[in-house]
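Just structure-v4.txt here, compact mmCIF, C-alpha atoms (C1' of nucleotides):
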# COMPACT_ATOMS: atom_id res chain seq x y z
CA MET O 27 74.39 96.73 39.03
CA SER O 28 73.67 100.39 38.47
CA SER O 29 73.31 101.32 34.84
CA ARG O 30 75.16 104.14 33.17
CA SER O 31 72.19 106.48 33.29
CA GLU O 32 71.78 105.99 37.03
CA THR O 33 75.35 107.09 37.56
CA ASP O 34 74.71 110.12 35.38
CA ILE O 35 71.69 111.10 37.45
CA ALA O 36 73.64 110.84 40.70
CA ASP O 37 76.46 112.92 39.26
CA LYS O 38 74.34 115.66 37.74
CA THR O 39 71.43 116.21 40.12
CA ALA O 40 73.13 118.55 42.58
CA SER O 41 74.78 120.67 39.88
CA LEU O 42 71.44 121.15 38.17
CA LEU O 43 69.45 121.66 41.34
CA LEU O 44 71.58 124.10 43.34
CA PRO O 45 71.52 126.93 40.75
CA TRP O 46 67.74 126.52 40.59
CA TYR O 47 67.58 126.70 44.38
CA ASP O 48 69.65 129.89 44.41
CA ARG O 49 66.94 131.51 42.29
CA HIS O 50 63.79 129.88 43.62
CA ALA O 51 64.39 128.99 47.26
CA ARG O 52 61.30 129.62 49.32
CA ARG O 53 61.75 132.22 52.03
CA LEU O 54 60.78 130.46 55.24
CA PRO O 55 61.03 131.81 58.79
CA TRP O 56 63.54 129.19 59.93
CA ARG O 57 65.89 129.61 56.98
CA SER O 58 69.01 131.74 57.24
CA LEU O 59 70.24 134.30 54.74
CA PRO O 60 72.05 132.74 51.76
CA GLY O 61 75.52 131.55 52.69
CA LYS O 62 74.95 131.91 56.42
CA ARG O 63 74.57 129.04 58.87
CA PRO O 64 71.24 129.00 60.66
CA ASP O 65 70.85 128.65 64.42
CA PRO O 66 70.73 124.89 65.21
CA TYR O 67 67.95 125.59 67.71
CA HIS O 68 65.83 127.13 64.97
CA VAL O 69 66.58 124.25 62.61
CA TRP O 70 65.72 121.64 65.23
CA LEU O 71 62.52 123.37 66.37
CA SER O 72 61.27 123.80 62.82
CA GLU O 73 62.16 120.26 61.76
CA VAL O 74 60.27 118.72 64.68
CA MET O 75 57.25 120.90 64.03
CA LEU O 76 57.38 120.05 60.33
CA GLN O 77 57.22 116.29 60.93
CA GLN O 78 54.10 115.24 58.98
CA THR O 79 52.95 118.86 59.14
CA THR O 80 52.67 121.48 56.42
CA VAL O 81 54.79 124.63 56.19
CA ALA O 82 51.66 126.80 56.34
CA THR O 83 50.52 125.22 59.61
CA VAL O 84 53.92 125.45 61.31
CA GLY O 85 54.56 129.15 60.64
CA SER O 86 52.65 130.70 63.54
CA TYR O 87 53.68 127.99 66.01
CA PHE O 88 57.35 128.49 65.19
CA ALA O 89 57.04 132.24 65.82
CA LYS O 90 55.18 131.72 69.12
CA PHE O 91 57.74 129.24 70.45
CA LEU O 92 60.70 131.40 69.49
CA ALA O 93 59.14 134.51 71.05
CA ARG O 94 58.43 132.71 74.31
CA TRP O 95 61.58 130.56 74.45
CA PRO O 96 64.40 132.32 72.52
CA THR O 97 67.00 129.62 73.27
CA VAL O 98 66.99 125.89 73.83
CA SER O 99 67.95 126.53 77.46
CA ASP O 100 64.85 128.70 77.89
CA LEU O 101 62.75 125.87 76.52
CA ALA O 102 64.48 123.38 78.81
CA ALA O 103 63.54 125.52 81.82
CA ALA O 104 59.87 125.69 80.81
CA GLU O 105 57.07 123.68 82.41
CA LEU O 106 55.96 120.75 80.25
CA ASP O 107 52.34 121.90 80.55
CA ASP O 108 53.26 125.27 79.07
CA VAL O 109 54.94 123.53 76.14
CA LEU O 110 51.86 121.34 75.60
CA THR O 111 49.64 124.43 75.79
CA GLU O 112 51.64 126.22 73.09
CA TRP O 113 51.68 123.02 71.01
CA ALA O 114 47.89 122.54 71.30
CA GLY O 115 46.34 122.21 67.84
CA LEU O 116 49.54 121.13 66.11
CA GLY O 117 48.93 117.41 66.66
CA TYR O 118 51.15 114.40 67.34
CA TYR O 119 51.62 115.51 70.95
CA ALA O 120 54.43 113.05 71.65
CA ARG O 121 56.47 115.52 69.63
CA ALA O 122 55.89 118.21 72.27
CA ARG O 123 56.83 115.91 75.13
CA ASN O 124 59.96 114.76 73.30
CA LEU O 125 60.77 118.35 72.34
CA HIS O 126 60.88 119.29 76.00
CA LYS O 127 62.91 116.17 76.91
CA CYS O 128 65.34 116.90 74.12
CA ALA O 129 65.76 120.54 75.18
CA LYS O 130 66.59 119.41 78.71
CA ARG O 131 69.11 116.89 77.40
CA VAL O 132 70.81 119.51 75.24
CA ALA O 133 70.86 122.00 78.11
CA ASP O 134 72.04 119.52 80.74
CA ASP O 135 74.38 117.22 78.78
CA PHE O 136 75.64 119.49 76.01
CA GLY O 137 75.78 122.90 77.67
CA GLY O 138 72.95 124.25 75.53
CA ARG O 139 74.70 123.42 72.24
CA PHE O 140 73.26 120.82 69.89
CA PRO O 141 75.61 117.97 68.94
CA ASP O 142 76.81 118.35 65.36
CA THR O 143 76.87 114.76 64.09
CA GLU O 144 74.09 112.57 62.78
CA ASP O 145 74.80 109.78 65.27
CA ALA O 146 74.78 112.04 68.32
CA LEU O 147 71.61 113.76 67.15
CA LEU O 148 69.93 110.37 66.62
CA ASP O 149 70.34 109.65 70.33
CA LEU O 150 68.11 112.57 71.31
CA PRO O 151 64.37 112.17 71.98
CA GLY O 152 62.11 112.92 69.03
CA ILE O 153 65.00 112.95 66.56
CA GLY O 154 64.87 110.07 64.09
CA ARG O 155 66.72 109.33 60.85
CA TYR O 156 65.22 112.16 58.86
CA THR O 157 65.54 114.88 61.50
CA ALA O 158 69.10 113.88 62.49
CA ALA O 159 70.23 114.07 58.87
CA ALA O 160 68.39 117.35 58.26
CA ILE O 161 69.92 119.09 61.28
CA ALA O 162 73.40 117.73 60.49
CA ALA O 163 73.20 118.92 56.89
CA ILE O 164 71.37 122.24 57.31
CA ALA O 165 72.79 123.47 60.61
CA PHE O 166 76.27 121.91 60.50
CA ASP O 167 77.05 121.48 56.79
CA ARG O 168 77.51 117.72 57.15
CA PRO O 169 77.03 115.64 53.96
CA ALA O 170 74.12 113.65 55.46
CA ALA O 171 71.58 111.95 53.23
CA VAL O 172 68.21 113.54 53.96
CA MET O 173 65.05 111.69 52.92
CA ASP O 174 61.53 112.90 53.66
CA GLY O 175 58.24 112.38 51.83
CA ASN O 176 59.07 115.01 49.21
CA ILE O 177 62.49 113.56 48.51
CA GLU O 178 61.03 110.07 48.30
CA ARG O 179 58.65 111.25 45.58
CA VAL O 180 61.28 113.24 43.66
CA THR O 181 63.76 110.36 43.76
CA THR O 182 61.14 107.77 42.84
CA ARG O 183 60.32 109.75 39.70
CA LEU O 184 63.92 110.68 38.89
CA TYR O 185 64.82 106.97 38.79
CA ALA O 186 61.39 105.70 37.67
CA ILE O 187 61.18 103.30 40.59
CA GLU O 188 58.00 101.24 40.27
CA THR O 189 58.34 99.27 43.50
CA PRO O 190 55.65 100.62 45.85
CA LEU O 191 56.38 102.49 49.05
CA PRO O 192 57.39 101.67 51.68
CA ASP O 193 59.17 98.65 50.16
CA SER O 194 61.22 100.94 47.92
CA LYS O 195 62.68 102.97 50.78
CA PRO O 196 66.03 101.19 51.07
CA ALA O 197 66.64 101.58 47.32
CA LEU O 198 65.58 105.22 47.47
CA TYR O 199 67.90 105.93 50.35
CA LYS O 200 70.87 104.50 48.43
CA ARG O 201 70.09 106.85 45.55
CA VAL O 202 69.85 109.85 47.87
CA VAL O 203 73.21 108.93 49.42
CA ALA O 204 74.73 108.81 45.94
CA MET O 205 73.20 112.16 44.94
CA THR O 206 74.08 114.10 48.09
CA PRO O 207 76.99 116.45 47.35
CA GLY O 208 79.96 117.11 49.63
CA LYS O 209 79.45 120.83 49.20
CA ARG O 210 76.23 122.56 50.31
CA PRO O 211 74.51 119.35 51.48
CA GLY O 212 72.01 121.36 53.50
CA ASP O 213 71.01 123.48 50.54
CA PHE O 214 70.77 120.32 48.43
CA ALA O 215 68.33 118.75 50.89
CA GLN O 216 66.23 121.90 51.09
CA ALA O 217 66.31 122.24 47.31
CA MET O 218 65.00 118.69 46.90
CA MET O 219 62.22 119.43 49.36
CA ASP O 220 61.34 122.73 47.68
CA LEU O 221 61.28 120.94 44.34
CA GLY O 222 58.89 118.35 45.74
CA ALA O 223 56.68 121.02 47.30
CA THR O 224 56.41 123.29 44.26
CA ILE O 225 57.29 121.37 41.05
CA CYS O 226 57.44 117.62 41.58
CA VAL O 227 54.14 117.73 43.48
CA PRO O 228 51.87 114.75 44.18
CA GLY O 229 49.65 113.91 41.25
CA LYS O 230 50.38 115.94 38.16
CA ALA O 231 53.96 117.19 38.30
CA LYS O 232 54.98 120.46 36.62
CA CYS O 233 57.76 118.89 34.58
CA MET O 234 57.90 121.87 32.18
CA LEU O 235 59.32 123.94 35.05
CA CYS O 236 61.64 121.30 36.49
CA PRO O 237 65.40 121.88 36.49
CA LEU O 238 65.93 118.09 36.47
CA VAL O 239 63.69 117.25 33.51
CA GLN O 240 66.68 116.51 31.25
CA ILE O 241 67.90 113.68 33.48
CA CYS O 242 64.54 112.46 34.80
CA THR O 243 63.78 108.86 33.88
CA GLY O 244 60.20 108.94 35.12
CA LYS O 245 58.92 112.18 33.62
CA ASP O 246 56.51 110.36 31.28
CA ILE O 247 54.91 108.33 34.09
CA ALA O 248 55.36 110.88 36.85
CA GLU O 249 51.66 111.02 37.62
CA THR O 250 51.63 107.30 38.47
CA LEU O 251 54.60 107.57 40.85
CA PRO O 252 55.30 106.82 43.55
CA ARG O 253 53.20 103.71 43.84
CA LYS O 254 51.91 102.98 47.32
CA LYS O 255 50.55 100.00 49.17
CA PRO O 256 46.81 100.33 49.90
CA LYS O 257 45.83 101.70 53.28
CA ALA O 258 43.48 100.19 55.83
CA ALA O 259 40.01 101.68 56.17
CA LYS O 260 39.25 103.87 59.17
CA PRO O 261 36.69 102.49 61.63
CA THR O 262 34.36 104.75 63.62
CA ARG O 263 34.56 105.00 67.40
CA ARG O 264 31.97 106.62 69.62
CA GLY O 265 31.78 108.10 73.09
CA ALA O 266 30.44 110.94 75.21
CA ALA O 267 32.06 114.09 76.61
CA PHE O 268 30.75 116.01 79.62
CA TRP O 269 30.86 119.77 80.09
CA ILE O 270 30.55 120.18 83.86
CA GLU O 271 30.04 123.74 85.04
CA ARG O 272 30.34 125.03 88.59
CA SER O 273 28.12 127.83 89.93
CA ASP O 274 31.01 130.32 89.60
CA GLY O 275 31.29 129.48 85.91
CA ALA O 276 34.40 127.28 86.03
CA VAL O 277 34.49 124.08 83.94
CA LEU O 278 36.01 120.74 84.88
CA LEU O 279 39.06 119.61 82.88
CA ARG O 280 40.95 116.35 83.23
CA ARG O 281 44.50 115.56 82.14
CA ARG O 282 44.82 112.51 79.92
CA PRO O 283 47.43 109.81 80.63
CA GLU O 284 51.00 110.65 79.63
CA SER O 285 51.14 108.02 76.91
CA GLY O 286 48.77 107.11 74.13
CA LEU O 287 46.32 109.22 72.17
CA LEU O 288 46.47 112.95 73.05
CA GLY O 289 48.92 111.99 75.80
CA GLY O 290 49.32 114.60 78.51
CA MET O 291 46.69 116.88 77.00
CA MET O 292 43.51 118.19 78.67
CA GLU O 293 40.01 116.89 78.02
CA PHE O 294 36.46 117.42 79.09
CA PRO O 295 35.82 114.23 81.04
CA SER O 296 34.75 111.62 78.54
CA THR O 297 33.99 107.93 78.29
CA ASP O 298 36.28 105.54 76.46
CA TRP O 299 36.03 105.78 72.70
CA THR O 300 34.86 102.40 71.41
CA GLU O 301 32.94 100.91 68.52
CA HIS O 302 29.60 101.17 70.31
CA GLY O 303 30.43 103.87 72.85
CA SER O 304 28.73 104.86 76.08
CA GLU O 305 26.47 107.77 77.01
CA ARG O 306 26.77 107.16 80.73
CA PHE O 307 28.53 109.70 82.92
CA GLU O 308 29.50 106.85 85.26
CA ASP O 309 31.75 105.53 82.48
CA THR O 310 33.98 108.61 82.67
CA GLY O 311 35.61 107.18 85.77
CA LEU O 312 34.71 110.29 87.78
CA ALA O 313 33.47 108.90 91.07
CA GLY O 314 31.55 110.83 93.69
CA LEU O 315 30.59 113.71 91.47
CA SER O 316 26.85 114.11 90.98
CA ALA O 317 25.32 116.14 88.22
CA ASP O 318 22.31 116.19 85.95
CA PHE O 319 23.08 116.40 82.28
CA ARG O 320 21.19 117.48 79.23
CA PRO O 321 22.24 116.85 75.59
CA ALA O 322 24.19 119.70 74.03
CA GLY O 323 24.85 118.35 70.55
CA ALA O 324 27.51 116.18 69.01
CA ILE O 325 30.83 116.57 67.21
CA ARG O 326 32.79 114.58 64.67
CA HIS O 327 36.54 114.39 64.42
CA THR O 328 38.97 112.29 62.41
CA PHE O 329 42.25 111.00 63.80
CA THR O 330 45.00 109.22 61.92
CA HIS O 331 43.43 105.77 62.12
CA PHE O 332 39.77 106.22 63.16
CA HIS O 333 36.77 108.52 62.98
CA LEU O 334 35.28 109.75 66.25
CA GLU O 335 31.69 110.68 67.05
CA LEU O 336 31.22 112.30 70.45
CA SER O 337 27.92 113.28 72.01
CA VAL O 338 28.28 116.36 74.20
CA HIS O 339 26.46 116.67 77.51
CA ARG O 340 26.17 119.71 79.73
CA GLY O 341 25.53 119.75 83.45
CA GLN O 342 26.04 121.59 86.74
CA ALA O 343 28.00 120.43 89.75
CA ASP O 344 29.15 122.15 92.89
CA HIS O 345 32.32 120.57 94.15
CA LYS O 346 34.95 122.73 95.74
CA ASP O 347 37.80 120.32 95.10
CA ALA O 348 38.40 118.62 91.81
CA PRO O 349 38.67 114.82 91.39
CA PRO O 350 42.09 113.25 90.68
CA ASP O 351 43.85 114.58 87.55
CA CYS O 352 41.15 117.25 87.27
CA HIS O 353 40.95 120.97 87.85
CA TRP O 354 38.33 123.70 87.54
CA CYS O 355 39.08 126.15 84.77
CA PRO O 356 37.40 129.54 84.28
CA ILE O 357 35.70 129.59 80.88
CA ASP O 358 37.71 132.65 79.89
CA ALA O 359 40.93 130.68 80.48
CA LEU O 360 40.09 127.70 78.26
CA GLY O 361 42.08 129.30 75.46
CA ASP O 362 45.21 129.04 77.60
CA ARG O 363 44.88 125.35 78.34
CA ALA O 364 46.42 122.35 76.56
CA LEU O 365 43.19 121.47 74.78
CA PRO O 366 43.59 119.50 71.55
CA THR O 367 41.41 120.39 68.59
CA VAL O 368 38.82 117.68 69.24
CA MET O 369 38.21 119.12 72.73
CA ARG O 370 37.89 122.64 71.35
CA LYS O 371 35.13 121.28 69.16
CA VAL O 372 33.47 119.87 72.29
CA ALA O 373 33.70 123.27 74.00
CA LYS O 374 32.15 125.01 71.03
CA ALA O 375 29.29 122.52 70.93
CA ALA O 376 28.65 122.82 74.66
CA LEU O 377 28.61 126.63 74.55
CA SER O 378 26.28 126.80 71.57
CA GLY O 379 24.04 123.90 72.56
C1' DA D 21 56.94 94.75 59.60
C1' DA D 22 52.96 96.81 61.34
C1' DA D 23 50.49 99.85 64.29
C1' DT D 24 50.06 104.10 66.65
C1' DC D 25 49.91 108.92 66.77
C1' DG D 26 46.64 114.98 64.79
C1' DG D 27 45.24 118.09 62.11
C1' DG D 28 44.58 120.80 58.09
C1' DG D 29 44.73 121.92 53.20
C1' DA D 30 44.49 120.55 48.35
C1' DG D 31 42.23 118.07 44.77
C1' DC M 17 35.44 111.95 50.20
C1' DT M 18 41.01 110.70 49.69
C1' DC M 19 45.61 111.92 49.85
C1' DC M 20 49.53 114.12 51.72
C1' DC M 21 52.44 116.57 54.69
C1' DA M 22 60.64 118.42 56.23
C1' DG M 23 58.29 111.11 60.70
C1' DA M 24 59.21 109.00 65.41
C1' DT M 25 58.23 105.51 68.48
C1' DT M 26 56.27 101.41 70.12
C1' DT M 27 54.74 96.75 69.53

Could you write out this structure as structure tokens?
Amino acid sequence: MSSRSETDIADKTASLLLPWYDRHARRLPWRSLPGKRPDPYHVWLSEVMLQQTTVATVGSYFAKFLARWPTVSDLAAAELDDVLTEWAGLGYYARARNLHKCAKRVADDFGGRFPDTEDALLDLPGIGRYTAAAIAAIAFDRPAAVMDGNIERVTTRLYAIETPLPDSKPALYKRVVAMTPGKRPGDFAQAMMDLGATICVPGKAKCMLCPLVQICTGKDIAETLPRKKPKAAKPTRRGAAFWIERSDGAVLLRRRPESGLLGGMMEFPSTDWTEHGSERFEDTGLAGLSADFRPAGAIRHTFTHFHLELSVHRGQADHKDAPPDCHWCPIDALGDRALPTVMRKVAKAALSG
DNA sequence: AAATCGGGGAG
DNA sequence: CTCCCAGATTT
């Protein structure tokens, strides 16, 4: 039972938004020149990097990946460890593993060309509902309904939807489907996202500048929308990390398990991260390696669902061969390893403490 | 449906 | 400090 005004919004949004986009579109590295179709590889790479990640953060990573792997086939031929190394610092490392899997699938099953439908894209690793729709619309001009966090907020306000997220998602998606135009669907999606990033921002929206203000139902309560369900508090976990240096100056690194937190990334051998935590080197699981340690400070780091406090310990050991999953790394080469940000903090503490 | 999975920038 | 970001996958 959609009211008359809802129909009006669906009918008018694109025609109001696209002229605004033609004037105010942000110039981003992965966007093509106006009227030209972008390279699907560029669209895919940027969309995966942009999952839960800001435009400012992605910029340099996108350039590095494209310089090193100019085509999806180049990326498919890369070593996974090299992909993880280039991804280090960007977070959500399952994205990097799925990126590599997806590149291989595109190279092997599709001859290096991305499929051009939402359904086929959805079958690929690391491509979910949002990314499939975004690639289909932006790279292939398909009228797919694209809904990300920005578009959720814009649509919530446009229709003054007071049901909290995520319960409101199905209703939001129906509205986005109704608004998405048959012509320039990719530009429409990008325009909605630009609007959310620059005008219809979280908190106090800049309604005075909005091209949709004349049809916006929620402009008077924009600051209170979208409502959201409360989030759980973050507990603190603790543990210890060990900087183990050999007489030639190399440091011991260990690769973490393929799945789970920081999956496939490198670490300085550390204990499990638990509520109470352990300071004992024996709890790192490194058997048969003897070393004396002295305290070298502590670091704090926050992950998505917990805070971490790690004590850092520094010691010497002279073992020619590395334990399982481990290798000795020259200190000068640490920058070229797949070390996540938390482990770079550990390295900094060890070297200054 | 809920939990897991990073990191940084803005307020 | 909290919130949010061009979400996907697993449980």

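Taking atom CA of O:Tyr87 as the reference point, atom CA of O:Thr143 is found at 26.8 Å.
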
### Task
Would you kindly report the residues of chain M within 8 Å of chain O, using all atoms listed in the file, as number ranges by chain?
M: 20-24

### Query
Which distance in Å separates atom CA of O:Leu251 and atom CA of O:Arg179, to one decimal?
7.2 Å

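Nearest residue to chain D among O:Trp354, O:Tyr119, O:Phe166, O:Tyr199 is O:Tyr119, counting all atoms listed in the file.
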
### Task
Residues of chain D near chain O: apply a cut-off of 7 Å, count only C-alpha atoms (C1' of nucleotides), and supply the list as a ChimeraX atom specification.
/D:25-27

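As for atom CA of O:Ala114 and atom CA of O:Ala317, they are spaced 28.9 Å apart.
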
Skip M:DT18 itself and residues of its chain fewer than 6 positions away, then list as a short mmCIF file (atom, residue, chain, number, x, y, z; two decimals) with C-alpha atoms (C1' of nucleotides), in the coordinates of the input all residues within 12 Å of it, counting only C-alpha atoms (C1' of nucleotides).
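Listing of around.cif after writing:
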data_model
loop_
_atom_site.label_atom_id
_atom_site.label_comp_id
_atom_site.auth_asym_id
_atom_site.auth_seq_id
_atom_site.Cartn_x
_atom_site.Cartn_y
_atom_site.Cartn_z
CA PRO O 256 46.81 100.33 49.90
CA LYS O 257 45.83 101.70 53.28
CA ALA O 259 40.01 101.68 56.17
CA LYS O 260 39.25 103.87 59.17
"C1'" DA D 30 44.49 120.55 48.35
"C1'" DG D 31 42.23 118.07 44.77
#

Missing atoms in stretch 78-94 of chain O: can you complete it with N, CA, C and O atoms, as a short mmCIF file (atom, residue, chain, number, x, y, z; two decimals), in the coordinates of the input?
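So rebuild_36.cif came out as:
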data_model
loop_
_atom_site.label_atom_id
_atom_site.label_comp_id
_atom_site.auth_asym_id
_atom_site.auth_seq_id
_atom_site.Cartn_x
_atom_site.Cartn_y
_atom_site.Cartn_z
N GLN O 78 55.47 115.55 59.42
CA GLN O 78 54.10 115.24 58.98
C GLN O 78 53.18 116.46 59.10
O GLN O 78 51.98 116.30 59.33
N THR O 79 53.74 117.65 58.97
CA THR O 79 52.95 118.86 59.14
C THR O 79 53.37 119.88 58.09
O THR O 79 54.55 120.01 57.78
N THR O 80 52.38 120.59 57.54
CA THR O 80 52.67 121.48 56.42
C THR O 80 53.35 122.77 56.87
O THR O 80 53.19 123.22 58.00
N VAL O 81 54.10 123.36 55.94
CA VAL O 81 54.79 124.63 56.19
C VAL O 81 53.81 125.70 56.65
O VAL O 81 54.07 126.45 57.59
N ALA O 82 52.64 125.76 56.01
CA ALA O 82 51.66 126.80 56.34
C ALA O 82 51.18 126.68 57.78
O ALA O 82 50.96 127.68 58.46
N THR O 83 51.01 125.44 58.24
CA THR O 83 50.52 125.22 59.61
C THR O 83 51.58 125.60 60.63
O THR O 83 51.28 126.16 61.68
N VAL O 84 52.84 125.28 60.32
CA VAL O 84 53.92 125.45 61.31
C VAL O 84 54.23 126.91 61.57
O VAL O 84 54.55 127.29 62.70
N GLY O 85 54.13 127.76 60.55
CA GLY O 85 54.56 129.15 60.64
C GLY O 85 54.27 129.86 61.94
O GLY O 85 55.19 130.32 62.63
N SER O 86 53.01 129.93 62.35
CA SER O 86 52.65 130.70 63.54
C SER O 86 53.16 130.03 64.82
O SER O 86 53.52 130.71 65.78
N TYR O 87 53.18 128.69 64.82
CA TYR O 87 53.68 127.99 66.01
C TYR O 87 55.17 128.25 66.20
O TYR O 87 55.64 128.47 67.32
N PHE O 88 55.91 128.23 65.11
CA PHE O 88 57.35 128.49 65.19
C PHE O 88 57.61 129.88 65.78
O PHE O 88 58.44 130.05 66.68
N ALA O 89 56.86 130.87 65.32
CA ALA O 89 57.04 132.24 65.82
C ALA O 89 56.69 132.33 67.31
O ALA O 89 57.42 132.96 68.09
N LYS O 90 55.59 131.68 67.70
CA LYS O 90 55.18 131.72 69.12
C LYS O 90 56.23 131.10 70.02
O LYS O 90 56.58 131.64 71.07
N PHE O 91 56.74 129.93 69.63
CA PHE O 91 57.74 129.24 70.45
C PHE O 91 59.00 130.08 70.58
O PHE O 91 59.57 130.21 71.65
N LEU O 92 59.45 130.65 69.46
CA LEU O 92 60.70 131.40 69.49
C LEU O 92 60.56 132.67 70.32
O LEU O 92 61.50 133.08 71.01
N ALA O 93 59.36 133.29 70.26
CA ALA O 93 59.14 134.51 71.05
C ALA O 93 59.14 134.19 72.54
O ALA O 93 59.67 134.94 73.36
N ARG O 94 58.55 133.04 72.89
CA ARG O 94 58.43 132.71 74.31
C ARG O 94 59.69 132.07 74.86
O ARG O 94 60.05 132.28 76.03
#
